[in-house]
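This report refers to the structure that appears directly beneath it.
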Amino acid sequence: PDPEPPTSVKLGFESLPTSMTDGCVVPPGYIAHVLAPWGTPINDNALPWDKNGNNSSNDLLNSMGMHHDGMHFFPLEGSSTEGLLAVNHEYIDSTALHPNGPTLVNGKRPAEEVRKEINAHGVAIIHIRRSNGRWDIVQNSRYNRRFTSATAMKLAGPIGGTDWVKTPFSPNGTQVRGTNNNCGNGTTPWGTYITAEENWAACFVNTGNRPAHQQRVGVSAGPTGRYKWETAAQDPSEVLGEFARFNVTETGASATDDWRNEVNGFGYLVEIDPYDPSSIATKRTSMGRFAHEGCAYSKPEAGKPLAFYSGDDSRFEYVYRFVSDANWDPKDAQRTDRLAVGAKYLDKGTLYVARFNEDGSGEWLALTGTTPGKDGGTLSDKFKTLEEILINTRGAADFVGATPMDRPEWTATHPSNGDIYLTLTNNTSRNASTGTNAANPRLNNVNGHVIRWHDEPGSNKFKWDIFVFGSDSGADAETNRSGLTDLNQLASPDGLGFDSRGILWIQTDNGIDGGRKNNVARATNDQMLAVIPGALADSSGTGPAINANNQSDLRRFFVGPNEAEITGFSMTPDHTSLFLNIQHPVNWPAYDTHDATVASMDTVRPRSSTVVIQRTDGKPIAV
Ligand code: FEO
Ligand code: CA
Ligand code: CA
Ligand code: CA
């Protein structure tokens with residue numbers, strides 16, 4: 001049986017009521033500060049953020065990017081008052097980024113606007129320090145750096161150095177420029193950051209014959225890519241196809257102008273060493289190519305392989321596991337050549353996809369040549385090489401009969417018993433013709449759910465149950481299977497993280513910037529809840545575990561401003577500071593204050609931002 005989680009920890013705050021005010025809400029005795037909103041300079045090469053949108057592309061290259069998402073606090077020498085914060089910048093609000101929104105001149109995007117947008121994406125590493133109770137960026141720290149959708153990165157693992165990724169920029173296929181649409185994140189046992197490339201595919205356009213793998217992953221058929229970046233090609237200032245590369249149509253152009261392979265350099269988990277400012281970000285292609293949401297690792301055990309779990313966030317997509325060939329050596333946690341440790345564990349191994357059976361059991365299906373297809377044959381009948389399988393990970397997973405899920409988002413690992421939790425945010429396309437399955441049992445799943453599993457040691461089998469079903473409190477029993485109340489109703493679970501005490505934090509993204517489409521979103525802004533989960537049920541996986549487990553322990557800790565998603569979770573080692581991100585607010589944060597709870601009286605240019613939560617008495621949070 002699994003070890004029981006610690007029972008000494010108890011939640012020490014009262015659940016918050018719902019909120020629809022345009023500021024952050026925290027429990028009594030807590031404070032919330034705005035830290036590093038987009039456009040905040042990280043060094044002296046950037047001008048201060050301009051509230052009229054007039055910052056340059058160079059300013060953005062030296063400032064926080066837009067739409068903060070996944071995040072992790074890396075302590076400096078174990079400190080809880082000083083460390084490095086890695087922050088994903090998932091996408092952009094081009095209306096807020098430019099003075100009057102994006103422009104198009106004779107069908108072309110201006111090069112400077114495109115560069116500014118490219119620089120607003122990616123990842124920021126910032127050195128932060130707490131003094132007098134307030135966290136702030138250490139300006140010009142040698143650790144401060146930006147990775148954008150143009151920063152040169154290594155391509156490691158099976159795809160690196162193959163014909164799939166040879167381009168005029170990297171004729172030997174070992175590098176690519178940029179990381180894109182970085183959504184959730186992971187970390188590693190050796191102290192690196194993993195950033196997940198999610199909705200990158202539609203940034204590329206192919207107006208010719210899209211290969212099956214491009215169709216399956218959603219490369220745009222045209223007439224343009226999502227941001228129209230490719231329309232800036234041939235601007236006199238363009239450097240080596242920096243804009244042309246987003247058009248991957250086969251043109252018959254000369255080898256020096258052929259960008260068809262550029263798209264194959266995206267769709268990966270990317271490893272960053274935040275502690276080494278000269279290190280090069282590295283794409284770990286062995287971990288699959290799809291709309292990666294995040295990446296949680298299994299509880300490390302000496303002498304055993306490591307496992308990494310990543311959801312593919314689209315309707316009816318799958319959840320994946322990568323298992324290292326190398327067995328875990330705890331001494332590797334202390335090494336300072338962290339990306340070499342990454343190569344040891346992340347470049348060689350086996351990628352699997354999950355099948356959830358109706359009886360609460362499950363199986364990891366290896367995406368390797370000998371695995372049988374669901375309709376006969378083996379993977380090697382359809383895919384000639386491992387590279388081909390990895391490039392079209394979704395196609396390989398279709399072939400072996402993985403279980404189509406209700407949009408797999410973040411994964412998180414219980415710190416003591418090693419259970420893996422996964423948010424399934426929602427799936428309004430699950431209907432009578434698509435059918436349900438035991439792991440995704442509700443039609444028109446507008447509210448989403450959280451599932452969890454435990455791998456059987458040394459095997460490809462697991463057992464699973466559903467932890468909680470999202471629902472509004474007023475729904476019928478068929479929908480509100482976990483018996484949620486006004487004090488913990490939730491929908492569209494997305495961000496997810498365990499702290500080391502065994503508290504699970506669930507964040508929501510109801511997409512309410514596109515309209516309040518479920519009853520929870522009509523009752524409250526997006527939120528973060530906390531719960532102390534018990535052990536996985538021994539029996540069938542179909543019941544809601546949290547109900548049996550005492551659902552009153554699921555408590556609302558935080559509510560965000562209007563229309564904004566709550567995402568990204570990290571804490572200092574002593575649990576006195578909690579970091580989360582507010583993504584795509586509409587009129588927040590208020591000017592001239594660092595207090596995240598203030599609702600602005602004026603119309604402001606909205607800024608995604610990190611928020612730091614602390615207790616006024618300085619004690620550990622939530623207990
Ligand atoms: Fe970027 Fe699946 O959220
Ligand atoms: Ca997001
Ligand atoms: Ca997300
Ligand atoms: Ca989401």
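Please note that chains go A, B, ... in the order of the structure tokens, that every chain numbers its residues from 1, and that ligands are numbered from 1 in the order shown.
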Distance query Ile582 of chain A at most 7 Å, only C-alpha atoms, self and fewer than 6 positions along chain excluded, as a ChimeraX atom specification: /A:564-567,608-610
I want to know what sits within 8 Å of segment 79-96 of chain A, based on only C-alpha atoms, with residues of the same chain fewer than 2 positions away left out; could you give that as a PyMOL selection string? chain A and resi 53+65-77+98-102+117+120-131+143+180-185+193+195+274-275+572-574+576-577+584+605-606
Please produce a file of those selected residues containing C-alpha atoms, as a short mmCIF file (atom, residue, chain, number, x, y, z; two decimals), in the first residue's frame.
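After the write, part_14.cif holds the following:
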```cif
data_model
loop_
_atom_site.label_atom_id
_atom_site.label_comp_id
_atom_site.auth_asym_id
_atom_site.auth_seq_id
_atom_site.Cartn_x
_atom_site.Cartn_y
_atom_site.Cartn_z
CA GLY A 53 2.36 51.38 -24.83
CA GLY A 65 7.41 39.70 -21.00
CA MET A 66 3.62 39.41 -21.18
CA HIS A 67 1.06 36.93 -19.88
CA HIS A 68 2.91 35.34 -16.98
CA ASP A 69 2.07 31.65 -16.58
CA GLY A 70 4.13 28.76 -15.14
CA MET A 71 6.72 29.84 -12.57
CA HIS A 72 9.21 28.55 -10.00
CA PHE A 73 11.20 30.09 -7.14
CA PHE A 74 14.80 28.81 -6.99
CA PRO A 75 16.36 29.79 -3.64
CA LEU A 76 19.89 31.17 -3.51
CA GLU A 77 21.75 29.04 -0.96
CA HIS A 98 1.17 48.45 -28.67
CA PRO A 99 -0.03 52.05 -28.29
CA ASN A 100 -3.13 51.43 -30.42
CA GLY A 101 -3.03 47.68 -30.94
CA PRO A 102 -1.36 45.75 -33.76
CA GLU A 117 5.78 40.68 -29.85
CA ALA A 120 7.19 39.67 -25.15
CA HIS A 121 7.03 35.84 -25.34
CA GLY A 122 9.32 33.29 -23.71
CA VAL A 123 10.73 33.11 -20.20
CA ALA A 124 12.23 35.55 -17.68
CA ILE A 125 14.75 34.66 -15.01
CA ILE A 126 14.85 37.37 -12.33
CA HIS A 127 16.86 37.69 -9.18
CA ILE A 128 14.44 38.75 -6.44
CA ARG A 129 14.98 39.71 -2.81
CA ARG A 130 12.73 40.52 0.14
CA SER A 131 13.53 43.54 2.24
CA TYR A 143 21.22 36.26 -13.11
CA ASN A 180 7.07 29.89 -27.85
CA ASN A 181 3.74 29.95 -26.00
CA ASN A 182 5.32 28.73 -22.77
CA CYS A 183 2.43 27.66 -20.60
CA GLY A 184 2.92 25.46 -17.54
CA ASN A 185 6.28 24.47 -16.13
CA TYR A 193 13.51 24.77 -14.80
CA THR A 195 9.24 25.39 -19.65
CA PRO A 274 18.54 29.46 -13.90
CA TYR A 275 21.69 29.42 -11.78
CA THR A 572 9.74 29.88 -0.54
CA PRO A 573 11.25 26.88 1.32
CA ASP A 574 9.92 28.19 4.65
CA THR A 576 6.20 32.31 4.25
CA SER A 577 5.90 33.71 0.69
CA HIS A 584 -4.76 38.53 -18.85
CA ARG A 605 -3.51 49.49 -19.40
CA PRO A 606 -3.79 45.94 -17.99
#
```
Which residues are near Phe204 of chain A? Cut-off 8 Å, only C-alpha atoms, ignore same chain within fewer than 5 positions. Put them as a list in words. Val219, Ser220, Gly225, Arg226, Phe246, Asn247, Val248 and Val263 of chain A
Do you know which residues are at most 8 Å from segment 379-385 of chain A counting only C-alpha atoms, after dropping those on the same chain fewer than 5 positions away, and could you put them as a PyMOL selection string? chain A and resi 367-373+396+399-400
Leu339 of chain A surroundings by only C-alpha atoms, 8 Å radius, close-in-sequence under 6 positions cut, as a ChimeraX atom specification: /A:192,271-273,282
Pull N, CA and C atoms from the residues just selected and write them as a PDB file, in the first residue's frame.
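Final file, again_19.pdb:
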```
ATOM      1  N   THR A 192      16.927  22.448 -12.181  1.00  0.00           N
ATOM      2  CA  THR A 192      16.683  23.230 -13.396  1.00  0.00           C
ATOM      3  C   THR A 192      15.184  23.483 -13.559  1.00  0.00           C
ATOM      4  N   GLU A 271      14.643  22.800 -21.216  1.00  0.00           N
ATOM      5  CA  GLU A 271      15.312  22.854 -19.912  1.00  0.00           C
ATOM      6  C   GLU A 271      16.207  24.091 -19.825  1.00  0.00           C
ATOM      7  N   ILE A 272      16.079  24.801 -18.706  1.00  0.00           N
ATOM      8  CA  ILE A 272      16.849  26.031 -18.452  1.00  0.00           C
ATOM      9  C   ILE A 272      17.541  25.888 -17.106  1.00  0.00           C
ATOM     10  N   ASP A 273      18.835  26.243 -17.054  1.00  0.00           N
ATOM     11  CA  ASP A 273      19.550  26.301 -15.777  1.00  0.00           C
ATOM     12  C   ASP A 273      19.536  27.743 -15.282  1.00  0.00           C
ATOM     13  N   THR A 282      17.818  24.277 -23.549  1.00  0.00           N
ATOM     14  CA  THR A 282      17.945  23.038 -24.321  1.00  0.00           C
ATOM     15  C   THR A 282      16.596  22.353 -24.462  1.00  0.00           C
TER      16      THR A 282
END
```
In segment 102-202 of chain A, what's helix (DSSP H, G or I) per DSSP? Answer as a PDB file with C-alpha atoms, in the first residue's frame?
```pdb
ATOM      1  CA  ALA A 111       9.119  44.601 -38.305  1.00  0.00           C
ATOM      2  CA  GLU A 112       9.534  46.540 -35.054  1.00  0.00           C
ATOM      3  CA  GLU A 113       6.052  45.500 -33.874  1.00  0.00           C
ATOM      4  CA  VAL A 114       6.782  41.866 -34.668  1.00  0.00           C
ATOM      5  CA  ARG A 115      10.098  41.991 -32.806  1.00  0.00           C
ATOM      6  CA  LYS A 116       8.342  43.509 -29.827  1.00  0.00           C
ATOM      7  CA  GLU A 117       5.784  40.678 -29.848  1.00  0.00           C
ATOM      8  CA  ILE A 118       8.479  38.015 -30.220  1.00  0.00           C
ATOM      9  CA  ASN A 119      10.346  39.554 -27.273  1.00  0.00           C
ATOM     10  CA  ALA A 120       7.190  39.668 -25.154  1.00  0.00           C
ATOM     11  CA  ASP A 163      17.208  16.195 -41.225  1.00  0.00           C
ATOM     12  CA  TRP A 164      13.919  17.084 -39.523  1.00  0.00           C
ATOM     13  CA  VAL A 165      15.382  20.276 -38.053  1.00  0.00           C
ATOM     14  CA  ALA A 201       1.648  25.364 -33.746  1.00  0.00           C
ATOM     15  CA  ALA A 202      -0.671  28.095 -35.017  1.00  0.00           C
TER      16      ALA A 202
END
```
